[in-house]
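File shown here: input_12.txt, holding compact mmCIF, C-alpha atoms and all ligand atoms.
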```txt
# COMPACT_ATOMS: atom_id res chain seq x y z
CA MET A 1 -2.64 19.61 -125.94
CA PHE A 2 -4.07 16.08 -125.89
CA ALA A 3 -3.56 15.58 -129.62
CA PRO A 4 -0.68 13.10 -129.08
CA PHE A 5 -3.05 10.94 -127.00
CA LYS A 6 -5.67 10.93 -129.72
CA GLU A 7 -3.05 10.11 -132.35
CA TYR A 8 -1.59 7.31 -130.27
CA LEU A 9 -5.01 5.78 -129.67
CA GLU A 10 -5.79 6.03 -133.37
CA GLU A 11 -2.54 4.33 -134.37
CA GLU A 12 -3.07 1.55 -131.89
CA LEU A 13 -6.62 0.96 -133.08
CA PHE A 14 -5.70 0.93 -136.74
CA ASN A 15 -2.71 -1.35 -136.17
CA ARG A 16 -4.53 -3.86 -134.00
CA PHE A 17 -8.07 -4.05 -135.35
CA ASP A 18 -9.78 -4.32 -138.67
CA LEU A 19 -11.78 -1.13 -138.24
CA ARG A 20 -14.88 -0.14 -140.08
CA SER A 21 -16.40 3.32 -139.79
CA ARG A 22 -19.50 3.50 -137.67
CA SER A 23 -21.90 6.23 -138.65
CA ILE A 24 -22.32 9.37 -136.61
CA PRO A 25 -25.75 11.03 -136.93
CA ALA A 26 -25.76 13.93 -139.39
CA GLY A 27 -24.73 17.19 -137.81
CA LEU A 28 -23.07 15.57 -134.81
CA GLU A 29 -19.69 14.66 -136.38
CA SER A 30 -18.42 18.15 -135.84
CA ASN A 31 -19.50 21.59 -134.83
CA VAL A 32 -18.05 25.07 -134.58
CA SER A 33 -19.17 27.43 -131.89
CA ALA A 34 -20.69 30.63 -133.11
CA ARG A 35 -20.75 32.00 -129.59
CA GLY A 36 -18.25 33.94 -127.55
CA LYS A 37 -14.98 35.35 -128.72
CA ASN A 38 -13.02 32.11 -128.50
CA PRO A 39 -13.98 29.85 -131.36
CA ALA A 40 -14.53 26.27 -130.22
CA THR A 41 -14.63 23.24 -132.43
CA ILE A 42 -15.64 19.70 -131.63
CA GLN A 43 -14.91 16.74 -133.83
CA SER A 44 -15.81 13.07 -133.29
CA TRP A 45 -14.78 9.75 -134.74
CA CYS A 46 -16.53 6.40 -134.47
CA TYR A 47 -15.46 2.89 -135.50
CA GLN A 48 -16.26 -0.74 -134.92
CA SER A 49 -14.47 -4.04 -135.32
CA GLU A 50 -15.26 -7.66 -134.71
CA GLN A 51 -14.23 -7.38 -131.04
CA LEU A 52 -15.27 -3.79 -130.40
CA ARG A 53 -18.81 -2.77 -131.18
CA LYS A 54 -18.34 0.95 -130.65
CA ILE A 55 -15.19 2.97 -130.44
CA ARG A 56 -15.77 6.66 -130.15
CA TYR A 57 -13.61 9.62 -129.41
CA SER A 58 -14.10 13.34 -129.51
CA TYR A 59 -11.81 16.32 -129.36
CA ILE A 60 -12.84 19.78 -128.30
CA ASP A 61 -10.47 22.55 -129.20
CA ALA A 62 -11.24 25.97 -127.81
CA GLY A 63 -7.64 27.12 -127.87
CA GLU A 64 -6.23 28.11 -124.49
CA THR A 65 -9.69 28.10 -122.89
CA ALA A 66 -10.45 24.42 -123.28
CA GLN A 67 -8.98 21.28 -124.73
CA VAL A 68 -10.82 17.99 -124.20
CA PHE A 69 -10.10 14.47 -125.33
CA ASN A 70 -12.92 12.06 -124.49
CA SER A 71 -13.27 8.43 -125.51
CA VAL A 72 -15.25 5.30 -124.72
CA ILE A 73 -14.61 1.84 -126.14
CA TYR A 74 -17.45 -0.67 -125.92
CA PRO A 75 -16.48 -4.32 -126.45
CA ALA A 76 -18.82 -6.54 -128.48
CA HIS A 77 -21.70 -7.88 -126.39
CA LYS A 78 -20.17 -11.35 -126.35
CA TYR A 79 -17.38 -10.02 -124.09
CA ASP A 80 -17.90 -9.02 -120.47
CA VAL A 81 -14.70 -6.94 -120.58
CA PRO A 82 -15.03 -3.47 -118.98
CA LEU A 83 -15.48 -0.40 -121.16
CA LEU A 84 -12.43 1.75 -121.63
CA GLY A 85 -13.17 5.32 -120.58
CA VAL A 86 -10.97 8.36 -121.09
CA ASP A 87 -11.77 11.95 -120.17
CA PHE A 88 -8.86 14.40 -120.33
CA LEU A 89 -9.74 18.06 -119.89
CA SER A 90 -7.71 21.18 -119.72
CA PHE A 91 -9.15 24.61 -119.02
CA GLY A 92 -6.25 26.95 -119.46
CA LYS A 93 -2.84 25.47 -118.77
CA LYS A 94 -3.36 25.36 -115.02
CA LYS A 95 -6.63 23.51 -114.60
CA ILE A 96 -6.27 20.01 -115.91
CA LEU A 97 -8.52 17.07 -115.05
CA ILE A 98 -7.65 13.61 -116.16
CA VAL A 99 -9.73 10.43 -115.80
CA MET A 100 -8.97 7.05 -117.30
CA ASP A 101 -10.46 3.74 -116.26
CA PHE A 102 -11.51 0.24 -117.19
CA GLN A 103 -15.17 0.85 -116.42
CA PRO A 104 -16.51 -2.33 -114.83
CA LEU A 105 -19.89 -3.72 -115.86
CA PHE A 106 -20.19 -5.76 -112.67
CA ARG A 107 -18.76 -5.57 -109.19
CA ASP A 108 -18.63 -9.16 -107.97
CA ARG A 109 -15.38 -10.56 -106.66
CA ALA A 110 -14.69 -12.83 -109.63
CA TYR A 111 -15.18 -9.96 -112.07
CA VAL A 112 -12.96 -7.58 -110.11
CA ASP A 113 -10.25 -10.21 -109.75
CA LYS A 114 -10.30 -10.90 -113.44
CA TYR A 115 -10.52 -7.42 -114.94
CA ILE A 116 -9.66 -4.85 -112.27
CA GLU A 117 -6.90 -6.35 -110.12
CA PRO A 118 -4.50 -6.55 -113.10
CA MET A 119 -4.61 -2.74 -113.25
CA ALA A 120 -3.07 -2.41 -109.78
CA GLU A 121 0.50 -2.83 -110.90
CA ILE A 122 0.25 0.02 -113.39
CA ARG A 123 -1.83 2.20 -111.06
CA ASP A 124 0.86 1.90 -108.39
CA LYS A 125 3.47 3.42 -110.67
CA TYR A 126 1.45 6.58 -111.15
CA ASN A 127 0.45 7.80 -107.70
CA GLU A 128 0.44 11.42 -108.83
CA LEU A 129 -2.29 10.54 -111.34
CA ALA A 130 -4.54 8.74 -108.87
CA GLN A 131 -5.42 11.25 -106.23
CA ASN A 132 -8.50 9.67 -104.60
CA LEU A 133 -10.56 12.73 -105.36
CA GLU A 134 -14.20 12.73 -104.42
CA MET A 135 -16.68 12.55 -107.29
CA LYS A 136 -19.33 15.23 -107.45
CA PHE A 137 -21.31 14.16 -110.49
CA TYR A 138 -20.72 10.45 -110.67
CA ASP A 139 -20.81 7.70 -108.08
CA ALA A 140 -17.34 6.18 -107.72
CA ASN A 141 -18.99 2.82 -107.02
CA GLN A 142 -20.83 2.67 -110.30
CA TYR A 143 -18.89 1.98 -113.47
CA PHE A 144 -15.61 3.10 -111.94
CA SER A 145 -12.86 0.87 -110.65
CA LYS A 146 -10.66 1.35 -107.63
CA TYR A 147 -7.60 1.69 -109.87
CA LEU A 148 -8.80 4.53 -112.05
CA LEU A 149 -6.52 7.41 -112.87
CA PHE A 150 -8.28 10.50 -111.57
CA ALA A 151 -6.31 13.65 -110.95
CA LYS A 152 -6.40 17.40 -110.98
CA LEU A 153 -3.15 18.73 -112.30
CA ASP A 154 -1.89 22.24 -112.58
CA SER A 155 0.93 22.03 -114.98
CA GLU A 156 1.52 20.71 -118.40
CA THR A 157 4.71 18.98 -117.31
CA VAL A 158 2.71 16.66 -115.07
CA VAL A 159 0.68 15.70 -118.08
CA ASN A 160 3.88 14.21 -119.46
CA SER A 161 3.67 11.41 -116.91
CA LEU A 162 0.20 10.76 -118.26
CA PHE A 163 1.49 9.57 -121.60
CA PRO A 164 3.27 6.44 -120.36
CA ALA A 165 0.35 5.69 -118.03
CA PHE A 166 -2.05 6.00 -120.98
CA GLN A 167 0.12 3.64 -123.05
CA GLU A 168 0.36 1.05 -120.28
CA TYR A 169 -3.37 1.04 -119.53
CA LEU A 170 -4.13 0.70 -123.23
CA GLU A 171 -1.68 -2.17 -123.62
CA LEU A 172 -3.27 -4.00 -120.71
CA TYR A 173 -6.73 -3.36 -122.13
CA TRP A 174 -5.79 -4.88 -125.51
CA GLN A 175 -4.33 -7.87 -123.68
CA MET A 176 -7.56 -8.42 -121.76
CA LEU A 177 -9.56 -8.25 -124.94
CA ASP A 178 -7.27 -10.76 -126.63
CA GLN A 179 -7.60 -13.17 -123.75
CA ALA A 180 -11.35 -12.75 -123.31
CA GLU A 181 -13.43 -15.85 -123.97
CA PRO A 182 -16.55 -15.00 -125.96
CA LEU A 183 -19.80 -15.77 -124.17
CA THR A 184 -22.06 -18.11 -126.08
CA LYS A 185 -25.27 -18.44 -124.05
CA PRO A 186 -27.90 -15.94 -125.21
CA GLU A 187 -28.80 -15.11 -121.61
CA ASP A 188 -25.16 -14.33 -120.76
CA ILE A 189 -24.87 -12.07 -123.78
CA GLN A 190 -28.18 -10.40 -122.93
CA ARG A 191 -26.76 -9.56 -119.50
CA ILE A 192 -23.94 -7.62 -121.20
CA VAL A 193 -26.39 -5.88 -123.52
CA GLU A 194 -28.32 -4.69 -120.47
CA ALA A 195 -25.23 -3.67 -118.51
CA GLN A 196 -23.79 -1.62 -121.38
CA LYS A 197 -27.17 0.00 -121.91
CA GLU A 198 -27.38 0.91 -118.24
CA TYR A 199 -23.93 2.43 -118.51
CA ASP A 200 -25.20 4.70 -121.30
CA GLN A 201 -28.29 5.67 -119.33
CA TYR A 202 -26.30 6.39 -116.20
CA SER A 203 -23.63 8.32 -118.08
CA ALA A 204 -26.05 10.40 -120.13
CA GLU A 205 -27.88 11.43 -116.97
CA ARG A 206 -24.75 12.30 -115.00
CA ASP A 207 -22.44 13.64 -117.65
CA PRO A 208 -21.08 16.97 -116.42
CA ALA A 209 -20.27 17.90 -120.02
CA HIS A 210 -23.81 19.02 -120.76
CA GLY A 211 -23.13 22.55 -119.52
CA LEU A 212 -19.89 22.79 -121.43
CA PHE A 213 -21.48 21.60 -124.68
CA SER A 214 -24.48 23.88 -124.20
CA SER A 215 -22.33 26.93 -123.64
CA TYR A 216 -20.51 26.33 -126.91
CA PHE A 217 -23.06 24.69 -129.14
CA GLY A 218 -26.47 25.34 -127.58
CA SER A 219 -28.64 23.03 -125.49
CA GLU A 220 -30.54 21.48 -128.38
CA TRP A 221 -27.38 20.28 -130.12
CA SER A 222 -25.93 19.13 -126.79
CA GLU A 223 -28.96 17.02 -125.95
CA LYS A 224 -28.80 15.38 -129.37
CA PHE A 225 -25.05 14.82 -129.08
CA LEU A 226 -25.46 13.14 -125.69
CA TYR A 227 -28.44 10.92 -126.51
CA GLU A 228 -27.88 10.20 -130.18
CA PHE A 229 -24.12 9.82 -130.27
CA LEU A 230 -22.16 9.68 -127.00
CA PHE A 231 -24.66 7.51 -125.13
CA GLU A 232 -27.00 6.45 -127.89
CA ASP A 233 -28.44 3.49 -125.98
CA ALA A 234 -29.75 5.81 -123.28
CA SER A 235 -33.29 6.99 -123.45
CA PRO A 236 -33.88 10.70 -122.81
CA LEU A 237 -37.41 9.92 -121.66
CA ALA A 238 -36.36 7.73 -118.77
CA VAL A 239 -36.99 9.23 -115.36
CA SER A 240 -33.63 10.39 -114.05
CA ALA A 241 -32.27 9.15 -110.80
CA PRO A 242 -32.05 11.97 -108.24
CA LYS A 243 -28.73 13.75 -108.47
CA HIS A 244 -26.76 14.50 -105.37
C1 LIG B 301 -15.64 15.40 -115.22
N1 LIG B 301 -16.00 15.65 -117.70
C2 LIG B 301 -15.95 16.12 -116.40
C3 LIG B 301 -16.29 17.51 -116.41
C4 LIG B 301 -16.52 17.86 -117.74
C5 LIG B 301 -16.34 16.69 -118.52
C6 LIG B 301 -16.87 19.24 -118.27
C7 LIG B 301 -16.35 18.40 -115.20
C8 LIG B 301 -15.05 19.13 -115.05
C9 LIG B 301 -15.06 20.04 -113.86
O1 LIG B 301 -15.15 19.53 -112.72
O2 LIG B 301 -14.97 21.25 -114.06
C10 LIG B 301 -16.43 16.69 -119.95
N2 LIG B 301 -17.47 14.55 -120.52
C11 LIG B 301 -16.86 15.71 -120.83
C12 LIG B 301 -16.83 15.81 -122.25
C13 LIG B 301 -17.42 14.68 -122.75
C14 LIG B 301 -17.83 13.92 -121.67
C15 LIG B 301 -16.31 16.93 -123.02
O3 LIG B 301 -18.46 12.86 -121.80
C16 LIG B 301 -17.67 14.20 -124.12
C17 LIG B 301 -17.07 14.64 -125.21
N3 LIG B 301 -16.21 11.03 -118.19
C18 LIG B 301 -16.36 10.40 -119.37
C19 LIG B 301 -15.71 9.14 -119.31
C20 LIG B 301 -15.17 9.02 -118.04
C21 LIG B 301 -15.48 10.25 -117.34
C22 LIG B 301 -15.65 8.17 -120.43
O4 LIG B 301 -16.98 10.85 -120.33
C23 LIG B 301 -14.43 7.89 -117.50
C24 LIG B 301 -13.16 7.73 -117.60
C25 LIG B 301 -15.10 10.58 -116.05
N4 LIG B 301 -15.38 13.03 -116.01
C26 LIG B 301 -15.20 11.83 -115.42
C27 LIG B 301 -15.12 12.02 -114.00
C28 LIG B 301 -15.25 13.39 -113.77
C29 LIG B 301 -15.44 14.01 -115.05
C30 LIG B 301 -14.92 10.92 -112.97
C31 LIG B 301 -15.27 14.09 -112.44
C32 LIG B 301 -16.72 14.29 -112.11
C33 LIG B 301 -17.09 14.14 -110.66
O5 LIG B 301 -16.43 14.73 -109.80
O6 LIG B 301 -18.08 13.39 -110.40
```

Please, can you express the file's structure as structure tokens?
Amino acid sequence: MFAPFKEYLEEELFNRFDLRSRSIPAGLESNVSARGKNPATIQSWCYQSEQLRKIRYSYIDAGETAQVFNSVIYPAHKYDVPLLGVDFLSFGKKKILIVMDFQPLFRDRAYVDKYIEPMAEIRDKYNELAQNLEMKFYDANQYFSKYLLFAKLDSETVVNSLFPAFQEYLELYWQMLDQAEPLTKPEDIQRIVEAQKEYDQYSAERDPAHGLFSSYFGSEWSEKFLYEFLFEDASPLAVSAPKH
């Protein structure tokens, strides 16, 4: 169901960047569920380029039961550009959750003006995809912007309006990257290293996918997938923040 999104992202990446493969730890590139009557497969891809230090995307295909397209793009540490986050999920044709955002590393006015405000014009064209839903797992004020696409949809037709939105957000993201001035001071770069690492820690601890992965692939594989691939800069030993 989200295959066209994955293919479009792939085409864009290959056309615009000189990509090199980035290794995925053995056993985590793909998996097939041995459980339940609906076979589920997960497959992941990971690349890097001069401007993007980690580009990852995964596709879960459990037929009618679940289709998931999930991706995060991490710019090189010399850029303070937000991360690009995509999480499109469909559980049966009627329960569809879509999230797409430029995930901000900082929240100060200058940062928001530079990297978040430009999203407003696109966001305003897609009201049906930005429903101001409350977040249960994450904190909307951490690593999410006010112009994220976040919607619960109940028909595939609505997903059609997602495709142009996806294309426009991507286009804007590439533009921002192109215009970004690389940081040169080691302490400025270190600040990005820390912020991206905190994003991984935060995301690994909050990710609501753990249950989904565990049910298909077992909790041991899921834990490895989260901490060694999806959010590899997170430490599983860190004391988790209380969940609410
Ligand atoms: C929600 N994401 C979810 C849920 C699942 C996943 C199962 C809960 C759906 C429900 O409410 O029933 C699934 N997350 C995944 C999968 C992967 C993953 C399969 O990381 C990995 C392959 N999530 C992201 C990214 C964003 C994101 C990059 O991984 C940002 C765009 C957002 N996912 C996001 C949000 C919610 C969500 C905001 C709603 C959670 C909430 O209400 O707090």

(request) Please extract the residues at most 9 Å from ligand LIG 301 (chain B), counting only C-alpha atoms and all ligand atoms, and provide them as a PyMOL selection string, using the chain letters and residue numbers of this document. (result) chain A and resi 42+44+57-60+67-73+83-91+95-103+133-140+143-144+148-150+203-204+206-213+225-226+230-231

What does the file look like for those residues with C-alpha atoms, as a tab-separated table (two decimals), keeping the file's coordinate frame?
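Full text of again.tsv as output:
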```
chain	number	residue	atom	x	y	z
A	42	ILE	CA	-15.64	19.70	-131.63
A	44	SER	CA	-15.81	13.07	-133.29
A	57	TYR	CA	-13.61	9.62	-129.41
A	58	SER	CA	-14.10	13.34	-129.51
A	59	TYR	CA	-11.81	16.32	-129.36
A	60	ILE	CA	-12.84	19.78	-128.30
A	67	GLN	CA	-8.98	21.28	-124.73
A	68	VAL	CA	-10.82	17.99	-124.20
A	69	PHE	CA	-10.10	14.47	-125.33
A	70	ASN	CA	-12.92	12.06	-124.49
A	71	SER	CA	-13.27	8.43	-125.51
A	72	VAL	CA	-15.25	5.30	-124.72
A	73	ILE	CA	-14.61	1.84	-126.14
A	83	LEU	CA	-15.48	-0.40	-121.16
A	84	LEU	CA	-12.43	1.75	-121.63
A	85	GLY	CA	-13.17	5.32	-120.58
A	86	VAL	CA	-10.97	8.36	-121.09
A	87	ASP	CA	-11.77	11.95	-120.17
A	88	PHE	CA	-8.86	14.40	-120.33
A	89	LEU	CA	-9.74	18.06	-119.89
A	90	SER	CA	-7.71	21.18	-119.72
A	91	PHE	CA	-9.15	24.61	-119.02
A	95	LYS	CA	-6.63	23.51	-114.60
A	96	ILE	CA	-6.27	20.01	-115.91
A	97	LEU	CA	-8.52	17.07	-115.05
A	98	ILE	CA	-7.65	13.61	-116.16
A	99	VAL	CA	-9.73	10.43	-115.80
A	100	MET	CA	-8.97	7.05	-117.30
A	101	ASP	CA	-10.46	3.74	-116.26
A	102	PHE	CA	-11.51	0.24	-117.19
A	103	GLN	CA	-15.17	0.85	-116.42
A	133	LEU	CA	-10.56	12.73	-105.36
A	134	GLU	CA	-14.20	12.73	-104.42
A	135	MET	CA	-16.68	12.55	-107.29
A	136	LYS	CA	-19.33	15.23	-107.45
A	137	PHE	CA	-21.31	14.16	-110.49
A	138	TYR	CA	-20.72	10.45	-110.67
A	139	ASP	CA	-20.81	7.70	-108.08
A	140	ALA	CA	-17.34	6.18	-107.72
A	143	TYR	CA	-18.89	1.98	-113.47
A	144	PHE	CA	-15.61	3.10	-111.94
A	148	LEU	CA	-8.80	4.53	-112.05
A	149	LEU	CA	-6.52	7.41	-112.87
A	150	PHE	CA	-8.28	10.50	-111.57
A	203	SER	CA	-23.63	8.32	-118.08
A	204	ALA	CA	-26.05	10.40	-120.13
A	206	ARG	CA	-24.75	12.30	-115.00
A	207	ASP	CA	-22.44	13.64	-117.65
A	208	PRO	CA	-21.08	16.97	-116.42
A	209	ALA	CA	-20.27	17.90	-120.02
A	210	HIS	CA	-23.81	19.02	-120.76
A	211	GLY	CA	-23.13	22.55	-119.52
A	212	LEU	CA	-19.89	22.79	-121.43
A	213	PHE	CA	-21.48	21.60	-124.68
A	225	PHE	CA	-25.05	14.82	-129.08
A	226	LEU	CA	-25.46	13.14	-125.69
A	230	LEU	CA	-22.16	9.68	-127.00
A	231	PHE	CA	-24.66	7.51	-125.13
```

(request) Counting all atoms listed in the file, write as an MDAnalysis selection string all protein and nucleic acid residues lying at most 8 Å from (-15.3, 7.0, -133.3) in the file's frame. (result) chainID A and resid 21:22 44:48 54:58

Using only C-alpha atoms, find all polymer residues with an atom at most 6 Å away from the point (-3.4, 23.1, -113.5); report them as an mmCIF file with C-alpha atoms, keeping the file's coordinate frame.
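Result went into selection.cif, see below:
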```cif
data_model
loop_
_atom_site.group_PDB
_atom_site.id
_atom_site.type_symbol
_atom_site.label_atom_id
_atom_site.label_comp_id
_atom_site.auth_asym_id
_atom_site.auth_seq_id
_atom_site.Cartn_x
_atom_site.Cartn_y
_atom_site.Cartn_z
ATOM 1 C CA LYS A 93 -2.840 25.470 -118.770
ATOM 2 C CA LYS A 94 -3.360 25.360 -115.020
ATOM 3 C CA LYS A 95 -6.630 23.510 -114.600
ATOM 4 C CA ILE A 96 -6.270 20.010 -115.910
ATOM 5 C CA LEU A 153 -3.150 18.730 -112.300
ATOM 6 C CA ASP A 154 -1.890 22.240 -112.580
ATOM 7 C CA SER A 155 0.930 22.030 -114.980
#
```

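Here CA of Asp113 (chain A) and CA of Glu194 (chain A) stand 21.7 Å from one another.
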
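Across the structure, CA of Glu50 (chain A) and CA of Leu19 (chain A) are spaced 8.2 Å apart.
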
(request) In Å, rounded to a single decimal, give me how far CA of Leu105 (chain A) is from CA of Tyr173 (chain A). (result) 14.6 Å

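If all atoms listed in the file are the atoms counted, then among A:Leu13, A:Ala34, A:Ile24, A:Ala3 the closest residue to Leu52 (chain A) is A:Leu13.
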
(message) So that I can check the surroundings of Ser49 (chain A), please list as number ranges by chain every protein, DNA and RNA residue that reaches within 7 Å of it, counting all atoms listed in the file and ignoring chain neighbours fewer than 6 positions away.
(response) A: 17-20

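Minimum atom-to-atom distance to Asp188 (chain A), evaluated using all atoms listed in the file, belongs to A:Tyr79 out of A:Trp174, A:Tyr79, A:Phe2, A:Phe14.
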
(request) With a distance cut-off of 8 Å and all atoms listed in the file, select the neighbouring residues of Gln201 (chain A), excluding the residue or stretch itself and same-chain residues fewer than 6 positions from it, and output the selection as a PyMOL selection string. (result) chain A and resi 231+233-235

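Proximity of A:Gln167, A:Asn38, A:Gln43, A:Ser215 to Leu9 (chain A), computed with all atoms listed in the file, is greatest for A:Gln167.
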
(message) Give me, as a ChimeraX atom specification, all polymer residues having an atom no more than 12 Å from Asp124 (chain A), counting only C-alpha atoms and skipping those fewer than 6 positions away in the same chain.
(response) /A:117-118,130-131,146-149,165,168-169

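Using only C-alpha atoms, the shortest contact distance between Ala151 (chain A) and any of A:Val112, A:Ile122, A:Leu172, A:Leu129 is found at A:Leu129.
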